[in-house]
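Scroll down for the structure; my scribbles are underneath it.
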Amino acid sequence: MRDSRYDILFEPTKIGPLTAKNRFYQVPHCNGGGYRDPSAAAEMRKIKSEGGWGVIFTEQCEMHHTSEITPFIELRLWDDNDIPQLRKMSDRMKEHGALAGIQLAYSGINGPNLYTKEVPMAPSALPIRTFTNDPVQARALSKRDIRDLRRWFVNAAKRSKEAGFDLINLYGAHGFGIFQHFLSRATNQRTDEYGGSLENRARFSQEVIADIRDAVGDTMAIALRVSLDETIGELGFSNAELRDYVEMNKDLPDLWDLAQGTWEDCSGPSRFKAEGAQQELVRGIHELTDKPIVGVGRFTSPDVMAKQVRSGVLDFIGCARPSIADPFMPKKIEEGRIEDIRECIGCNICITGDMTMSISRCTQNPTFMEEWRKGWHPEKMNPKGDSDNVLVVGSGPAGLEAAWALCRRGYQVAVAESRTEIGGRVTRESKLPGLSEWGRVVDYRQYQLSQRSDVDIFLDSKLSADDIMEFGFENVAIATGATWRRDGVARQHVVPLPMSSDARIYTPDDLMDGNIPEGKVIVFDDDHYYMGGVMAELLAKNGADVTLITPAAYVSDWTRNTLEQVAIHPRLVEAGVDIVLNRGITEIAADHVVSNCVYTQYTQKFDADSVVMVAGLKENNELYEALLEREDEWEDAGIKSVKLIGDANAPGPIAWATYAGHRYARELDSEDIGDELPFRREITAVAVD
Ligand code: FMN
């Protein structure tokens, strides 16, 4: 039964001519599939409909070919040919009663047009801003171009209607959409009636919304997504200016969708942003308009959500990442199953799918974007196969996810953990600076497993191959994790790095065990994800004199894909860490290291008492190898299968481990598909002429 405190979240709420069945609103979010994987994306949205969301949006959809963001893979509505795949999307969104929304994006100075080769257009002539700094400039829209652009918006709105959508979201936030480019003095330097005063800068949005309302406004609702604060100082569209804009245009859209100015701020990772971090920027805007407001803030707590509505800050609870981690969040709140919510950990691995133009992942929800490709449902498992029981060795993210998914299939599961606490690397890493919310990966699974009678967890149980042969489990999953290497082998060095025998070398595992070096410490980061930066932060907080050396051009280079990098660099600088980029290490002595420039012969000596080596990881696969050696004894021992999963198989981010655990559980006892592709995909039809 639902807790009455949350009733307010389930009130039907009007948006223009429509009524959403509740206040749960999935704001636009990409998925790395976009136009390339339309059925995978459509099925993912359908699952959210089933999970109880009142409003579900697409990701950004390029509404005209003169503004596209190749290489990123979003949706397209360039002409009528794109309608069928979008109709499939809206159909799926509406299957369980949600309103279906499409976000129309004209990217202005963010669209380099690498694919269409069209000259980009924006309010003012400025270089294109992309993550890759493409050497392309936009030309300024002429008055005629503006008339064309208004017509293109109307065309796109009509096509959206034809494709079955109920709502249109006009993109003007995160620095990306043209509405923001017009509203901000920084990107709108025009001297005509579209530039200068706020009244003038607002003109384009007023005209487009009026045009769309005339065309489809009787049946469709129009949402405008605008920046809460561009956060670039005086010149930018500030929170104060946004408030003036809303007050001056009270009734402009049917709904105000308010989102922080930069994407990095808006989708801020848990390492840097708490739940509800945008609240103060939104508070009070409600009093300036009669139209409903949706806002975001990685909401996973129904108490926080209800408070946002009750206190008049928001009308709709906007969620992107929490809806990915748990597409069934609304339903679970409705059914009074709060403890079953799989809370987003704020790691932003979902964003990497978009940034790397691949299919997105979610650390908490391994079924994300596999709903169609593999038929995986986040709440339902396939029935059990022929065998009955599984021993999972290791309770890290792969082992725990495997155990949780296996017992739901109907297997009897035993988990053996060599340490005295559950959770493996997640438990250890969640104690590092900024990573506490990552512990939710363990919390969720530990709680779920504690509710079952078909899973036994044994702590402090280091098993040998003999033990396993004796136990007689039919299936054994080895999820024994990985260990950070001390020898420096990673990318710069594929064989051990030269180091003297009296050099003091630490690894992240040492620091997580509490052995934290002091004095002058070099962190060598040849891993390039979060760990190097986190180690430097931990050491600096502990009073060490830290220098971080990395062969990459950016500190924690890969975190540019999780939008964390722009926050990691300043945090390290503030903590007093010296950052040395584009440098490797060629030699480690007791009191110094020799660092080399990655481009030249230049070398430099750095005094150092110790080195923290953030290099590659070594799979803990000894137990697996020992069992393999005895394969001919398996049958007598009653063993049908032994499989190595997660970091023990090949180390990677935590999301890779939960995926591996889930996949193992899904596929156990299934038919051998031989050389067949293990997922569905869509192939572009070859033209006949
Ligand atoms: N916002 C948009 O307006 N359009 C997008 O296409 C879009 N893509 C996103 C893709 C991902 C994977 C994520 C996580 C966010 C994206 N966003 C996009 C931003 C979200 O709509 C949202 O404003 C932000 O993530 C904060 O909400 P959250 O804390 O609930 O995640």
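Lettering and numbering for the structure tokens are positional, with chains as A, B, ... in the shown order, residues counted from 1 in each chain, and ligands counted from 1 in the shown order.
For Ile8 (chain A), the list of residues within 12 Å, based on only C-alpha atoms and with local chain neighbours fewer than 5 positions off taken out, reads Arg2, Asp3, Thr13, Lys21, Asn22, Arg23, Phe24, Pro302, Asp303, Met305, Ala306, Lys307, Gln308, Val309, Arg310, Ser311, Gly312, Leu314, Asp315, Phe316, Ile317, Ile333 and Glu334 of chain A.
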Selected residues written out, C-alpha atoms, as a CSV table (one decimal), in the first residue's frame:
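As written to disk, result34.csv reads:
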```csv
chain,number,residue,atom,x,y,z
A,2,ARG,CA,1.2,3.5,-0.8
A,3,ASP,CA,2.2,5.8,2.0
A,13,THR,CA,-1.6,17.2,-13.3
A,21,LYS,CA,-1.7,10.7,-14.8
A,22,ASN,CA,0.9,11.6,-12.1
A,23,ARG,CA,3.9,13.9,-11.4
A,24,PHE,CA,6.6,11.4,-12.5
A,302,PRO,CA,10.1,10.0,-2.4
A,303,ASP,CA,10.3,12.2,0.7
A,305,MET,CA,10.1,14.5,-4.2
A,306,ALA,CA,7.0,15.0,-2.2
A,307,LYS,CA,8.6,18.0,-0.4
A,308,GLN,CA,9.5,19.6,-3.8
A,309,VAL,CA,5.9,19.5,-4.8
A,310,ARG,CA,4.4,20.3,-1.4
A,311,SER,CA,6.6,23.3,-0.9
A,312,GLY,CA,5.7,24.7,-4.3
A,314,LEU,CA,8.1,21.9,-8.6
A,315,ASP,CA,4.9,20.4,-10.1
A,316,PHE,CA,6.6,17.5,-11.8
A,317,ILE,CA,9.5,15.4,-10.6
A,333,ILE,CA,6.4,4.1,-4.6
A,334,GLU,CA,2.8,3.6,-5.6
```
Original post:
ligand 1: which residues are within 7 Å, counting only C-alpha atoms and all ligand atoms, as a ChimeraX atom specification?
Top reply: /A:27-31,59-60,171,173,225,259,263,266-267,296-299,318-322,348,350-351,354
Based on the selection just made, write N, CA and C atoms of those residues as a short mmCIF file (atom, residue, chain, number, x, y, z; two decimals), in the first residue's frame.
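Saved to out.cif:
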```cif
data_model
loop_
_atom_site.label_atom_id
_atom_site.label_comp_id
_atom_site.auth_asym_id
_atom_site.auth_seq_id
_atom_site.Cartn_x
_atom_site.Cartn_y
_atom_site.Cartn_z
N VAL A 27 12.47 13.22 -17.97
CA VAL A 27 12.99 14.28 -18.83
C VAL A 27 13.81 13.67 -19.98
N PRO A 28 14.06 14.45 -21.03
CA PRO A 28 14.80 13.87 -22.17
C PRO A 28 16.16 13.31 -21.75
N HIS A 29 16.44 12.12 -22.19
CA HIS A 29 17.80 11.61 -22.00
C HIS A 29 18.17 10.67 -23.14
N CYS A 30 19.40 10.77 -23.58
CA CYS A 30 19.90 9.94 -24.67
C CYS A 30 20.25 8.56 -24.13
N ASN A 31 20.66 7.70 -25.03
CA ASN A 31 20.89 6.31 -24.66
C ASN A 31 21.97 5.67 -25.52
N GLU A 59 15.06 11.38 -26.22
CA GLU A 59 16.25 12.23 -26.11
C GLU A 59 16.09 13.38 -27.10
N GLN A 60 17.11 14.20 -27.22
CA GLN A 60 17.03 15.30 -28.17
C GLN A 60 16.92 14.73 -29.59
N TYR A 171 14.31 22.64 -26.94
CA TYR A 171 15.57 22.54 -26.18
C TYR A 171 16.30 23.88 -26.13
N ALA A 173 18.53 24.49 -23.10
CA ALA A 173 19.30 24.40 -21.85
C ALA A 173 20.65 23.74 -22.12
N ARG A 225 12.44 24.02 -22.46
CA ARG A 225 13.53 23.68 -21.54
C ARG A 225 14.55 24.80 -21.56
N ALA A 259 16.39 23.51 -16.19
CA ALA A 259 17.56 22.64 -16.05
C ALA A 259 18.82 23.50 -15.96
N TRP A 263 25.59 21.04 -19.05
CA TRP A 263 25.21 19.64 -18.86
C TRP A 263 25.98 19.04 -17.68
N CYS A 266 24.15 20.07 -14.68
CA CYS A 266 22.80 19.52 -14.60
C CYS A 266 22.83 18.02 -14.29
N SER A 267 23.68 17.30 -14.99
CA SER A 267 23.82 15.86 -14.73
C SER A 267 25.03 15.65 -13.81
N VAL A 296 14.84 18.99 -12.12
CA VAL A 296 15.60 17.74 -11.96
C VAL A 296 16.55 17.84 -10.76
N GLY A 297 17.15 16.73 -10.40
CA GLY A 297 18.10 16.73 -9.29
C GLY A 297 18.39 15.34 -8.78
N ARG A 298 18.52 14.41 -9.70
CA ARG A 298 18.83 13.00 -9.34
C ARG A 298 17.98 12.55 -8.16
N PHE A 299 16.66 12.72 -8.34
CA PHE A 299 15.73 12.40 -7.26
C PHE A 299 15.52 10.90 -7.14
N GLY A 318 11.19 15.69 -12.30
CA GLY A 318 11.92 15.31 -13.50
C GLY A 318 13.05 14.35 -13.16
N CYS A 319 13.13 13.28 -13.90
CA CYS A 319 14.22 12.31 -13.66
C CYS A 319 14.79 11.82 -14.97
N ALA A 320 16.08 11.81 -15.07
CA ALA A 320 16.75 11.13 -16.17
C ALA A 320 17.45 9.90 -15.58
N ARG A 321 18.55 10.13 -14.86
CA ARG A 321 19.35 9.01 -14.36
C ARG A 321 18.57 8.08 -13.41
N PRO A 322 17.78 8.65 -12.48
CA PRO A 322 17.03 7.72 -11.60
C PRO A 322 16.04 6.85 -12.38
N ASN A 348 27.27 8.33 -13.56
CA ASN A 348 27.20 8.87 -14.93
C ASN A 348 27.72 7.94 -16.00
N CYS A 350 25.93 6.07 -17.59
CA CYS A 350 24.89 6.14 -18.64
C CYS A 350 25.28 7.15 -19.72
N ILE A 351 25.96 8.22 -19.27
CA ILE A 351 26.31 9.28 -20.23
C ILE A 351 27.44 8.83 -21.16
N ASP A 354 26.40 7.69 -24.61
CA ASP A 354 26.16 8.80 -25.51
C ASP A 354 27.48 9.37 -26.03
#
```
Give me the region 327-351 of chain A side of the contact with region 363-384 of chain A, cut-off 7 Å, one line per residue showing its nearest atom pair and distance in Å at one decimal, counting only C-alpha atoms, sorted by chain and residue number, as a Markdown table.
```
| residue | atom | partner | partner_atom | distance |
| --- | --- | --- | --- | --- |
| A:Arg342 | CA | A:Gln364 | CA | 6.7 |
| A:Cys344 | CA | A:Gln364 | CA | 6.7 |
| A:Ile349 | CA | A:Thr363 | CA | 6.9 |
```
Original post:
Got a sec to tell me which of region 235-315 of chain A DSSP assigns to alpha helix (DSSP H), as a PyMOL selection string?
Top reply: chain A and resi 239-248+263-266+279-282+302-310
Could you pull the residues within 10 Å of region 666-670 of chain A, counting only C-alpha atoms, minus those fewer than 5 positions along the same chain, as a PDB file with all heavy atoms, in the first residue's frame?
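File written: out_39.pdb
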```pdb
ATOM      1  N   LYS A 374      18.172  -7.907 -26.069  1.00  0.00           N
ATOM      2  CA  LYS A 374      18.306  -9.225 -25.445  1.00  0.00           C
ATOM      3  C   LYS A 374      17.030  -9.697 -24.773  1.00  0.00           C
ATOM      4  O   LYS A 374      17.012 -10.783 -24.183  1.00  0.00           O
ATOM      5  CB  LYS A 374      19.435  -9.171 -24.411  1.00  0.00           C
ATOM      6  CG  LYS A 374      20.806  -8.965 -25.037  1.00  0.00           C
ATOM      7  CD  LYS A 374      21.916  -9.291 -24.083  1.00  0.00           C
ATOM      8  CE  LYS A 374      23.195  -9.533 -24.859  1.00  0.00           C
ATOM      9  NZ  LYS A 374      24.326  -9.842 -24.007  1.00  0.00           N
ATOM     10  N   TRP A 376      15.741  -8.414 -22.100  1.00  0.00           N
ATOM     11  CA  TRP A 376      15.893  -8.346 -20.648  1.00  0.00           C
ATOM     12  C   TRP A 376      14.903  -7.331 -20.066  1.00  0.00           C
ATOM     13  O   TRP A 376      14.798  -6.203 -20.562  1.00  0.00           O
ATOM     14  CB  TRP A 376      17.314  -7.910 -20.260  1.00  0.00           C
ATOM     15  CG  TRP A 376      18.371  -8.928 -20.552  1.00  0.00           C
ATOM     16  CD1 TRP A 376      18.222 -10.165 -21.120  1.00  0.00           C
ATOM     17  CD2 TRP A 376      19.780  -8.784 -20.288  1.00  0.00           C
ATOM     18  NE1 TRP A 376      19.443 -10.794 -21.220  1.00  0.00           N
ATOM     19  CE2 TRP A 376      20.413  -9.973 -20.718  1.00  0.00           C
ATOM     20  CE3 TRP A 376      20.566  -7.776 -19.729  1.00  0.00           C
ATOM     21  CZ2 TRP A 376      21.793 -10.168 -20.610  1.00  0.00           C
ATOM     22  CZ3 TRP A 376      21.944  -7.964 -19.616  1.00  0.00           C
ATOM     23  CH2 TRP A 376      22.543  -9.152 -20.057  1.00  0.00           C
ATOM     24  N   MET A 381      12.684 -12.016 -14.564  1.00  0.00           N
ATOM     25  CA  MET A 381      13.747 -12.882 -15.079  1.00  0.00           C
ATOM     26  C   MET A 381      13.129 -14.029 -15.869  1.00  0.00           C
ATOM     27  O   MET A 381      11.962 -14.365 -15.679  1.00  0.00           O
ATOM     28  CB  MET A 381      14.557 -13.451 -13.910  1.00  0.00           C
ATOM     29  CG  MET A 381      15.372 -12.442 -13.136  1.00  0.00           C
ATOM     30  SD  MET A 381      16.667 -11.613 -14.098  1.00  0.00           S
ATOM     31  CE  MET A 381      17.725 -12.967 -14.600  1.00  0.00           C
ATOM     32  N   ASN A 382      13.947 -14.617 -16.727  1.00  0.00           N
ATOM     33  CA  ASN A 382      13.510 -15.801 -17.455  1.00  0.00           C
ATOM     34  C   ASN A 382      13.452 -16.993 -16.489  1.00  0.00           C
ATOM     35  O   ASN A 382      14.173 -17.008 -15.491  1.00  0.00           O
ATOM     36  CB  ASN A 382      14.453 -16.083 -18.638  1.00  0.00           C
ATOM     37  CG  ASN A 382      15.917 -15.927 -18.279  1.00  0.00           C
ATOM     38  OD1 ASN A 382      16.259 -15.130 -17.412  1.00  0.00           O
ATOM     39  ND2 ASN A 382      16.783 -16.682 -18.908  1.00  0.00           N
ATOM     40  N   PRO A 383      12.596 -17.976 -16.749  1.00  0.00           N
ATOM     41  CA  PRO A 383      12.489 -19.101 -15.818  1.00  0.00           C
ATOM     42  C   PRO A 383      13.792 -19.906 -15.735  1.00  0.00           C
ATOM     43  O   PRO A 383      14.611 -19.887 -16.658  1.00  0.00           O
ATOM     44  CB  PRO A 383      11.373 -19.957 -16.398  1.00  0.00           C
ATOM     45  CG  PRO A 383      10.799 -19.205 -17.533  1.00  0.00           C
ATOM     46  CD  PRO A 383      11.720 -18.102 -17.905  1.00  0.00           C
ATOM     47  N   LYS A 384      13.915 -20.608 -14.662  1.00  0.00           N
ATOM     48  CA  LYS A 384      15.097 -21.434 -14.393  1.00  0.00           C
ATOM     49  C   LYS A 384      15.290 -22.514 -15.473  1.00  0.00           C
ATOM     50  O   LYS A 384      14.319 -22.976 -16.059  1.00  0.00           O
ATOM     51  CB  LYS A 384      14.854 -22.108 -13.051  1.00  0.00           C
ATOM     52  CG  LYS A 384      15.929 -22.980 -12.534  1.00  0.00           C
ATOM     53  CD  LYS A 384      15.566 -23.441 -11.143  1.00  0.00           C
ATOM     54  CE  LYS A 384      14.777 -24.742 -11.139  1.00  0.00           C
ATOM     55  NZ  LYS A 384      15.417 -25.873 -11.783  1.00  0.00           N
ATOM     56  N   GLY A 385      16.537 -22.918 -15.680  1.00  0.00           N
ATOM     57  CA  GLY A 385      16.830 -24.005 -16.621  1.00  0.00           C
ATOM     58  C   GLY A 385      16.876 -25.342 -15.903  1.00  0.00           C
ATOM     59  O   GLY A 385      16.290 -25.500 -14.827  1.00  0.00           O
ATOM     60  N   ASP A 386      17.637 -26.280 -16.478  1.00  0.00           N
ATOM     61  CA  ASP A 386      17.634 -27.655 -15.975  1.00  0.00           C
ATOM     62  C   ASP A 386      18.257 -27.843 -14.604  1.00  0.00           C
ATOM     63  O   ASP A 386      17.817 -28.671 -13.821  1.00  0.00           O
ATOM     64  CB  ASP A 386      18.390 -28.560 -16.964  1.00  0.00           C
ATOM     65  CG  ASP A 386      17.565 -28.761 -18.225  1.00  0.00           C
ATOM     66  OD1 ASP A 386      16.347 -28.491 -18.160  1.00  0.00           O
ATOM     67  OD2 ASP A 386      18.143 -29.148 -19.259  1.00  0.00           O
ATOM     68  N   SER A 387      19.322 -27.097 -14.328  1.00  0.00           N
ATOM     69  CA  SER A 387      19.995 -27.339 -13.050  1.00  0.00           C
ATOM     70  C   SER A 387      19.306 -26.569 -11.927  1.00  0.00           C
ATOM     71  O   SER A 387      18.379 -25.793 -12.166  1.00  0.00           O
ATOM     72  CB  SER A 387      21.477 -26.974 -13.154  1.00  0.00           C
ATOM     73  OG  SER A 387      21.611 -25.646 -13.587  1.00  0.00           O
ATOM     74  N   ASP A 388      19.752 -26.794 -10.708  1.00  0.00           N
ATOM     75  CA  ASP A 388      19.025 -26.240  -9.559  1.00  0.00           C
ATOM     76  C   ASP A 388      19.818 -25.264  -8.708  1.00  0.00           C
ATOM     77  O   ASP A 388      19.243 -24.414  -8.039  1.00  0.00           O
ATOM     78  CB  ASP A 388      18.561 -27.390  -8.639  1.00  0.00           C
ATOM     79  CG  ASP A 388      17.531 -28.251  -9.344  1.00  0.00           C
ATOM     80  OD1 ASP A 388      16.614 -27.677  -9.953  1.00  0.00           O
ATOM     81  OD2 ASP A 388      17.681 -29.487  -9.308  1.00  0.00           O
ATOM     82  N   VAL A 390      23.591 -22.928  -7.655  1.00  0.00           N
ATOM     83  CA  VAL A 390      24.792 -22.216  -8.115  1.00  0.00           C
ATOM     84  C   VAL A 390      25.591 -21.767  -6.899  1.00  0.00           C
ATOM     85  O   VAL A 390      25.021 -21.249  -5.931  1.00  0.00           O
ATOM     86  CB  VAL A 390      24.426 -20.947  -8.935  1.00  0.00           C
ATOM     87  CG1 VAL A 390      25.673 -20.324  -9.550  1.00  0.00           C
ATOM     88  CG2 VAL A 390      23.393 -21.246 -10.004  1.00  0.00           C
ATOM     89  N   ALA A 402      24.857 -11.399  -9.921  1.00  0.00           N
ATOM     90  CA  ALA A 402      24.572 -12.764 -10.382  1.00  0.00           C
ATOM     91  C   ALA A 402      23.654 -13.464  -9.378  1.00  0.00           C
ATOM     92  O   ALA A 402      22.653 -14.070  -9.761  1.00  0.00           O
ATOM     93  CB  ALA A 402      25.870 -13.542 -10.557  1.00  0.00           C
ATOM     94  N   ALA A 405      20.070 -12.048  -9.511  1.00  0.00           N
ATOM     95  CA  ALA A 405      19.349 -12.425 -10.730  1.00  0.00           C
ATOM     96  C   ALA A 405      19.086 -13.932 -10.755  1.00  0.00           C
ATOM     97  O   ALA A 405      18.021 -14.377 -11.190  1.00  0.00           O
ATOM     98  CB  ALA A 405      20.142 -11.990 -11.959  1.00  0.00           C
ATOM     99  N   LEU A 406      20.022 -14.725 -10.251  1.00  0.00           N
ATOM    100  CA  LEU A 406      19.852 -16.191 -10.270  1.00  0.00           C
ATOM    101  C   LEU A 406      18.713 -16.650  -9.374  1.00  0.00           C
ATOM    102  O   LEU A 406      17.907 -17.494  -9.757  1.00  0.00           O
ATOM    103  CB  LEU A 406      21.148 -16.872  -9.796  1.00  0.00           C
ATOM    104  CG  LEU A 406      22.303 -16.919 -10.792  1.00  0.00           C
ATOM    105  CD1 LEU A 406      23.599 -17.246 -10.069  1.00  0.00           C
ATOM    106  CD2 LEU A 406      22.030 -17.943 -11.898  1.00  0.00           C
ATOM    107  N   ARG A 409      15.486 -16.254 -10.838  1.00  0.00           N
ATOM    108  CA  ARG A 409      15.175 -17.255 -11.866  1.00  0.00           C
ATOM    109  C   ARG A 409      14.703 -18.564 -11.238  1.00  0.00           C
ATOM    110  O   ARG A 409      14.157 -19.394 -11.938  1.00  0.00           O
ATOM    111  CB  ARG A 409      16.418 -17.548 -12.731  1.00  0.00           C
ATOM    112  CG  ARG A 409      16.656 -16.530 -13.818  1.00  0.00           C
ATOM    113  CD  ARG A 409      17.703 -17.027 -14.816  1.00  0.00           C
ATOM    114  NE  ARG A 409      17.196 -18.133 -15.634  1.00  0.00           N
ATOM    115  CZ  ARG A 409      17.954 -18.857 -16.459  1.00  0.00           C
ATOM    116  NH1 ARG A 409      19.249 -18.587 -16.571  1.00  0.00           N
ATOM    117  NH2 ARG A 409      17.432 -19.831 -17.162  1.00  0.00           N
ATOM    118  N   ASN A 475      26.606 -25.603 -10.556  1.00  0.00           N
ATOM    119  CA  ASN A 475      27.218 -24.493 -11.318  1.00  0.00           C
ATOM    120  C   ASN A 475      28.041 -23.634 -10.377  1.00  0.00           C
ATOM    121  O   ASN A 475      27.631 -23.387  -9.231  1.00  0.00           O
ATOM    122  CB  ASN A 475      26.132 -23.625 -11.945  1.00  0.00           C
ATOM    123  CG  ASN A 475      25.207 -24.448 -12.815  1.00  0.00           C
ATOM    124  OD1 ASN A 475      25.584 -24.919 -13.879  1.00  0.00           O
ATOM    125  ND2 ASN A 475      23.979 -24.662 -12.332  1.00  0.00           N
ATOM    126  N   LYS A 640      28.452 -29.074 -13.334  1.00  0.00           N
ATOM    127  CA  LYS A 640      28.121 -28.977 -14.763  1.00  0.00           C
ATOM    128  C   LYS A 640      28.845 -27.825 -15.441  1.00  0.00           C
ATOM    129  O   LYS A 640      29.150 -27.863 -16.632  1.00  0.00           O
ATOM    130  CB  LYS A 640      26.611 -28.750 -14.922  1.00  0.00           C
ATOM    131  CG  LYS A 640      25.755 -29.938 -14.609  1.00  0.00           C
ATOM    132  CD  LYS A 640      24.297 -29.577 -14.897  1.00  0.00           C
ATOM    133  CE  LYS A 640      23.373 -30.722 -14.622  1.00  0.00           C
ATOM    134  NZ  LYS A 640      21.989 -30.283 -14.498  1.00  0.00           N
ATOM    135  N   SER A 641      29.018 -26.740 -14.709  1.00  0.00           N
ATOM    136  CA  SER A 641      29.673 -25.573 -15.336  1.00  0.00           C
ATOM    137  C   SER A 641      30.463 -24.763 -14.316  1.00  0.00           C
ATOM    138  O   SER A 641      30.082 -24.691 -13.141  1.00  0.00           O
ATOM    139  CB  SER A 641      28.619 -24.658 -15.990  1.00  0.00           C
ATOM    140  OG  SER A 641      27.907 -23.946 -14.995  1.00  0.00           O
ATOM    141  N   LYS A 643      32.262 -20.882 -14.449  1.00  0.00           N
ATOM    142  CA  LYS A 643      32.439 -19.719 -15.323  1.00  0.00           C
ATOM    143  C   LYS A 643      33.091 -18.575 -14.562  1.00  0.00           C
ATOM    144  O   LYS A 643      32.789 -18.331 -13.394  1.00  0.00           O
ATOM    145  CB  LYS A 643      31.057 -19.305 -15.864  1.00  0.00           C
ATOM    146  CG  LYS A 643      31.151 -18.323 -16.941  1.00  0.00           C
ATOM    147  CD  LYS A 643      30.199 -18.588 -18.090  1.00  0.00           C
ATOM    148  CE  LYS A 643      30.663 -17.657 -19.147  1.00  0.00           C
ATOM    149  NZ  LYS A 643      30.150 -17.114 -20.115  1.00  0.00           N
ATOM    150  N   ALA A 660      28.092  -8.251 -16.338  1.00  0.00           N
ATOM    151  CA  ALA A 660      28.607  -9.623 -16.468  1.00  0.00           C
ATOM    152  C   ALA A 660      27.857 -10.568 -15.532  1.00  0.00           C
ATOM    153  O   ALA A 660      27.512 -11.700 -15.911  1.00  0.00           O
ATOM    154  CB  ALA A 660      30.102  -9.656 -16.167  1.00  0.00           C
ATOM    155  N   GLY A 661      27.578 -10.103 -14.320  1.00  0.00           N
ATOM    156  CA  GLY A 661      26.854 -10.933 -13.352  1.00  0.00           C
ATOM    157  C   GLY A 661      25.448 -11.228 -13.845  1.00  0.00           C
ATOM    158  O   GLY A 661      24.952 -12.354 -13.757  1.00  0.00           O
TER     159      GLY A 661
END
```
Subject >> Arg159 (chain A) environment, 10 Å, only C-alpha atoms, sequence neighbours closer than 2 positions dropped, as a ChimeraX atom specification >> reply: /A:63,77-80,82-83,86-87,153-157,161-165
Subject >> Point-to-point distance in Å for CA of Thr58 (chain A) and CA of Arg361 (chain A) >> reply: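 Atom-to-atom, CA of Arg361 (chain A) to CA of Thr58 (chain A), that is 17.0 Å.
Nearest residue to Arg560 (chain A), choosing from A:Ser395, A:Gln446, A:Asn542, A:Thr356 and counting only C-alpha atoms: A:Thr356.
In terms of minimum interatomic distance to Asp265 (chain A), A:Glu564 ranks closest within A:Asp211, A:Asp454, A:Glu564, A:Asp526, counting only C-alpha atoms.
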Show me, as a JSON list (two decimals) with all heavy atoms, in the first residue's frame, the residues that have an atom within 10 Å of Lys143 (chain A) when counting only C-alpha atoms, minus same-chain residues fewer than 5 positions from it.
```json
[["chain", "number", "residue", "atom", "x", "y", "z"],
["A", 148, "ASP", "N", 12.74, 31.00, -42.08],
["A", 148, "ASP", "CA", 12.83, 29.58, -42.47],
["A", 148, "ASP", "C", 12.83, 28.68, -41.23],
["A", 148, "ASP", "O", 12.13, 27.67, -41.18],
["A", 148, "ASP", "CB", 14.13, 29.31, -43.25],
["A", 148, "ASP", "CG", 14.09, 29.91, -44.65],
["A", 148, "ASP", "OD1", 12.98, 30.24, -45.12],
["A", 148, "ASP", "OD2", 15.18, 30.07, -45.26],
["A", 149, "LEU", "N", 13.63, 29.08, -40.27],
["A", 149, "LEU", "CA", 13.78, 28.25, -39.06],
["A", 149, "LEU", "C", 12.44, 28.14, -38.33],
["A", 149, "LEU", "O", 12.09, 27.05, -37.84],
["A", 149, "LEU", "CB", 14.85, 28.87, -38.15],
["A", 149, "LEU", "CG", 15.25, 28.11, -36.89],
["A", 149, "LEU", "CD1", 15.54, 26.64, -37.15],
["A", 149, "LEU", "CD2", 16.49, 28.77, -36.26],
["A", 192, "ASP", "N", 19.81, 43.54, -34.08],
["A", 192, "ASP", "CA", 18.46, 43.77, -34.61],
["A", 192, "ASP", "C", 17.41, 43.48, -33.53],
["A", 192, "ASP", "O", 17.75, 43.39, -32.35],
["A", 192, "ASP", "CB", 18.22, 42.92, -35.88],
["A", 192, "ASP", "CG", 18.34, 41.42, -35.59],
["A", 192, "ASP", "OD1", 18.47, 41.05, -34.40],
["A", 192, "ASP", "OD2", 18.29, 40.62, -36.55],
["A", 193, "GLU", "N", 16.17, 43.29, -33.93],
["A", 193, "GLU", "CA", 15.10, 43.11, -32.93],
["A", 193, "GLU", "C", 15.17, 41.75, -32.23],
["A", 193, "GLU", "O", 14.37, 41.45, -31.34],
["A", 193, "GLU", "CB", 13.72, 43.32, -33.57],
["A", 193, "GLU", "CG", 13.27, 42.29, -34.61],
["A", 193, "GLU", "CD", 13.68, 42.69, -36.04],
["A", 193, "GLU", "OE1", 14.74, 43.33, -36.21],
["A", 193, "GLU", "OE2", 12.94, 42.34, -36.98],
["A", 194, "TYR", "N", 16.14, 40.88, -32.61],
["A", 194, "TYR", "CA", 16.31, 39.60, -31.93],
["A", 194, "TYR", "C", 17.47, 39.63, -30.93],
["A", 194, "TYR", "O", 17.76, 38.63, -30.28],
["A", 194, "TYR", "CB", 16.56, 38.48, -32.95],
["A", 194, "TYR", "CG", 15.33, 38.14, -33.77],
["A", 194, "TYR", "CD1", 15.15, 38.70, -35.04],
["A", 194, "TYR", "CD2", 14.36, 37.27, -33.28],
["A", 194, "TYR", "CE1", 14.02, 38.41, -35.79],
["A", 194, "TYR", "CE2", 13.23, 36.97, -34.03],
["A", 194, "TYR", "CZ", 13.06, 37.54, -35.28],
["A", 194, "TYR", "OH", 11.94, 37.23, -36.02]]
```
Original post:
Which polymer residues have any atom within 10 Å of an atom of Phe272 (chain A), counting only C-alpha atoms, with same-chain residues fewer than 3 positions away left out, as a list in words?
Top reply: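 These residues fall inside the cut-off: Asp265, Gly268, Pro269, Ala277, Gly346, Gly434, Leu435, Glu564, Ala567, Ile568 and Arg571 of chain A.
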